[in-house]
Amino acid sequence: MTIAATRDNAVLVMKKTKTIEAMKPPGTEKNLWSSCLDYFNIAVYTLNQKLDNPSNDPLQPYVELTDVLTCIDTCVEDFKMNNIPTVFPLLVPI
């Protein structure tokens with residue numbers, strides 16, 4: 001998958017996250033969705049930076065991908081720490 005396609009999928013996930021977050025009543029779960037939205041914004045920003053400023057360093061794409069995966073993992077771990085079932089079934093494009 002290219003960086004552009006990864007970014008496009010991240011944007012879709014971010015939109016789904018925003019929709020889900022808006023539907024939740026105030027409380028812990030809404031706050032977690034809001035945090036995930038922040039993480040996904042960072043992921044999309046990181047991918048956009050890579051597309052706007054390509055690097056000649058062959059390892060650089062892996063650095064950006066690691067940053068994006070860290071954002072996703074942090075979101076999932078926040079839900080786990082609060083004993084709320086995994087978020088992936090709600091977010092992953094089918």
# chains A, B, ... in the order shown; residues from 1 in each chain; ligands from 1

$ residues_around --residues "Ala4 in chain A" --least-positions-apart "3" --cutoff "10 Å" --atoms "only C-alpha atoms" --output "ChimeraX atom specification"
/A:1,7-10,47-48,50-51

$ residues_around --residues "Leu32 in chain A" --least-positions-apart "4" --cutoff "7 Å" --atoms "only C-alpha atoms" --output "list in words"
Thr28, Cys36, Asp78 and Phe79 of chain A

$ write_last_selection --atoms "N, CA and C atoms" --output "compact mmCIF listing (two decimals), in the first residue's frame"
# COMPACT_ATOMS: atom_id res chain seq x y z
N THR A 28 -16.53 8.63 29.88
CA THR A 28 -15.24 8.03 29.58
C THR A 28 -15.11 7.62 28.13
N CYS A 36 -8.74 9.34 20.54
CA CYS A 36 -8.40 8.61 19.31
C CYS A 36 -8.45 9.54 18.10
N ASP A 78 -5.70 2.61 25.15
CA ASP A 78 -6.53 3.45 26.03
C ASP A 78 -7.88 2.78 26.29
N PHE A 79 -8.47 2.20 25.25
CA PHE A 79 -9.75 1.50 25.42
C PHE A 79 -9.57 0.27 26.32

$ residues_around --residues "Glu29 in chain A" --least-positions-apart "6" --cutoff "12 Å" --atoms "only C-alpha atoms" --output "PDB file with N, CA, C and O atoms, in the first residue's frame"
ATOM      1  N   THR A  17     -14.308   7.786  13.162  1.00  0.00           N
ATOM      2  CA  THR A  17     -14.060   8.070  14.578  1.00  0.00           C
ATOM      3  C   THR A  17     -14.817   9.318  15.008  1.00  0.00           C
ATOM      4  O   THR A  17     -15.442   9.338  16.072  1.00  0.00           O
ATOM      5  N   ILE A  20     -18.532   8.455  15.345  1.00  0.00           N
ATOM      6  CA  ILE A  20     -18.790   7.661  16.548  1.00  0.00           C
ATOM      7  C   ILE A  20     -18.674   8.542  17.789  1.00  0.00           C
ATOM      8  O   ILE A  20     -19.530   8.493  18.679  1.00  0.00           O
ATOM      9  N   GLU A  21     -17.631   9.349  17.848  1.00  0.00           N
ATOM     10  CA  GLU A  21     -17.402  10.220  19.007  1.00  0.00           C
ATOM     11  C   GLU A  21     -18.580  11.169  19.204  1.00  0.00           C
ATOM     12  O   GLU A  21     -19.027  11.404  20.326  1.00  0.00           O
ATOM     13  N   ALA A  22     -19.130  11.685  18.106  1.00  0.00           N
ATOM     14  CA  ALA A  22     -20.250  12.629  18.192  1.00  0.00           C
ATOM     15  C   ALA A  22     -21.517  11.968  18.734  1.00  0.00           C
ATOM     16  O   ALA A  22     -22.361  12.634  19.339  1.00  0.00           O
ATOM     17  N   MET A  23     -21.662  10.655  18.535  1.00  0.00           N
ATOM     18  CA  MET A  23     -22.867   9.947  18.961  1.00  0.00           C
ATOM     19  C   MET A  23     -22.817   9.514  20.429  1.00  0.00           C
ATOM     20  O   MET A  23     -23.844   9.181  21.005  1.00  0.00           O
ATOM     21  N   SER A  35      -9.899  11.292  22.183  1.00  0.00           N
ATOM     22  CA  SER A  35      -8.446  11.096  22.187  1.00  0.00           C
ATOM     23  C   SER A  35      -7.988  10.370  20.927  1.00  0.00           C
ATOM     24  O   SER A  35      -6.981  10.734  20.322  1.00  0.00           O
ATOM     25  N   CYS A  36      -8.737   9.338  20.537  1.00  0.00           N
ATOM     26  CA  CYS A  36      -8.395   8.613  19.314  1.00  0.00           C
ATOM     27  C   CYS A  36      -8.446   9.538  18.101  1.00  0.00           C
ATOM     28  O   CYS A  36      -7.600   9.457  17.211  1.00  0.00           O
ATOM     29  N   CYS A  75      -4.442   4.412  20.856  1.00  0.00           N
ATOM     30  CA  CYS A  75      -5.905   4.467  20.914  1.00  0.00           C
ATOM     31  C   CYS A  75      -6.465   3.152  21.451  1.00  0.00           C
ATOM     32  O   CYS A  75      -7.268   3.136  22.383  1.00  0.00           O
ATOM     33  N   ASP A  78      -5.697   2.611  25.152  1.00  0.00           N
ATOM     34  CA  ASP A  78      -6.528   3.446  26.031  1.00  0.00           C
ATOM     35  C   ASP A  78      -7.884   2.779  26.290  1.00  0.00           C
ATOM     36  O   ASP A  78      -8.382   2.791  27.414  1.00  0.00           O
ATOM     37  N   PHE A  79      -8.470   2.196  25.249  1.00  0.00           N
ATOM     38  CA  PHE A  79      -9.749   1.500  25.418  1.00  0.00           C
ATOM     39  C   PHE A  79      -9.572   0.273  26.318  1.00  0.00           C
ATOM     40  O   PHE A  79     -10.393   0.019  27.196  1.00  0.00           O
ATOM     41  N   LYS A  80      -8.509  -0.492  26.084  1.00  0.00           N
ATOM     42  CA  LYS A  80      -8.254  -1.681  26.893  1.00  0.00           C
ATOM     43  C   LYS A  80      -8.084  -1.332  28.366  1.00  0.00           C
ATOM     44  O   LYS A  80      -8.597  -2.018  29.240  1.00  0.00           O
ATOM     45  N   MET A  81      -7.352  -0.264  28.641  1.00  0.00           N
ATOM     46  CA  MET A  81      -7.109   0.133  30.036  1.00  0.00           C
ATOM     47  C   MET A  81      -8.404   0.529  30.743  1.00  0.00           C
ATOM     48  O   MET A  81      -8.479   0.487  31.963  1.00  0.00           O
ATOM     49  N   ASN A  82      -9.412   0.902  29.975  1.00  0.00           N
ATOM     50  CA  ASN A  82     -10.701   1.282  30.556  1.00  0.00           C
ATOM     51  C   ASN A  82     -11.748   0.174  30.424  1.00  0.00           C
ATOM     52  O   ASN A  82     -12.938   0.420  30.591  1.00  0.00           O
ATOM     53  N   ASN A  83     -11.280  -1.041  30.078  1.00  0.00           N
ATOM     54  CA  ASN A  83     -12.155  -2.213  29.949  1.00  0.00           C
ATOM     55  C   ASN A  83     -13.308  -1.990  28.977  1.00  0.00           C
ATOM     56  O   ASN A  83     -14.444  -2.410  29.226  1.00  0.00           O
ATOM     57  N   ILE A  84     -13.013  -1.328  27.872  1.00  0.00           N
ATOM     58  CA  ILE A  84     -14.003  -1.122  26.811  1.00  0.00           C
ATOM     59  C   ILE A  84     -13.552  -1.971  25.628  1.00  0.00           C
ATOM     60  O   ILE A  84     -12.376  -1.944  25.262  1.00  0.00           O
ATOM     61  N   PRO A  85     -14.478  -2.765  25.048  1.00  0.00           N
ATOM     62  CA  PRO A  85     -14.093  -3.669  23.952  1.00  0.00           C
ATOM     63  C   PRO A  85     -13.349  -2.940  22.831  1.00  0.00           C
ATOM     64  O   PRO A  85     -13.478  -1.739  22.649  1.00  0.00           O
ATOM     65  N   THR A  86     -12.609  -3.720  22.083  1.00  0.00           N
ATOM     66  CA  THR A  86     -11.777  -3.190  21.004  1.00  0.00           C
ATOM     67  C   THR A  86     -12.559  -2.283  20.047  1.00  0.00           C
ATOM     68  O   THR A  86     -13.747  -2.481  19.822  1.00  0.00           O
ATOM     69  N   VAL A  87     -11.867  -1.318  19.496  1.00  0.00           N
ATOM     70  CA  VAL A  87     -12.490  -0.337  18.611  1.00  0.00           C
ATOM     71  C   VAL A  87     -12.373  -0.721  17.147  1.00  0.00           C
ATOM     72  O   VAL A  87     -13.070  -0.168  16.315  1.00  0.00           O
TER      73      VAL A  87
END

$ select_by_dssp --residues "chain A" --states "helix (DSSP H, G or I)" --output "PyMOL selection string"
chain A and resi 3-23+28-52+60-81+88-91

$ residues_around --residues "Thr70 in chain A" --least-positions-apart "4" --cutoff "9 Å" --atoms "only C-alpha atoms" --output "ChimeraX atom specification"
/A:39,43,65-66,74-75

$ write_last_selection --atoms "N, CA and C atoms" --output "PDB file, in the first residue's frame"
ATOM      1  N   TYR A  39      -5.281  11.317  18.009  1.00  0.00           N
ATOM      2  CA  TYR A  39      -4.210  10.442  17.519  1.00  0.00           C
ATOM      3  C   TYR A  39      -4.291  10.262  16.004  1.00  0.00           C
ATOM      4  N   ALA A  43      -1.732  11.072  12.907  1.00  0.00           N
ATOM      5  CA  ALA A  43      -1.349  10.094  11.886  1.00  0.00           C
ATOM      6  C   ALA A  43      -1.529  10.670  10.482  1.00  0.00           C
ATOM      7  N   LEU A  65       5.631   5.388   9.235  1.00  0.00           N
ATOM      8  CA  LEU A  65       4.682   4.294   9.459  1.00  0.00           C
ATOM      9  C   LEU A  65       4.681   3.875  10.927  1.00  0.00           C
ATOM     10  N   THR A  66       5.835   3.859  11.553  1.00  0.00           N
ATOM     11  CA  THR A  66       5.924   3.537  12.971  1.00  0.00           C
ATOM     12  C   THR A  66       5.162   4.566  13.795  1.00  0.00           C
ATOM     13  N   THR A  74      -1.886   3.322  20.569  1.00  0.00           N
ATOM     14  CA  THR A  74      -2.217   4.104  21.758  1.00  0.00           C
ATOM     15  C   THR A  74      -3.722   4.198  21.945  1.00  0.00           C
ATOM     16  N   CYS A  75      -4.442   4.412  20.856  1.00  0.00           N
ATOM     17  CA  CYS A  75      -5.905   4.467  20.914  1.00  0.00           C
ATOM     18  C   CYS A  75      -6.465   3.152  21.451  1.00  0.00           C
TER      19      CYS A  75
END

$ atom_distance --atom1 "CA of Lys30 in chain A" --atom2 "CA of Val68 in chain A"
21.8 Å
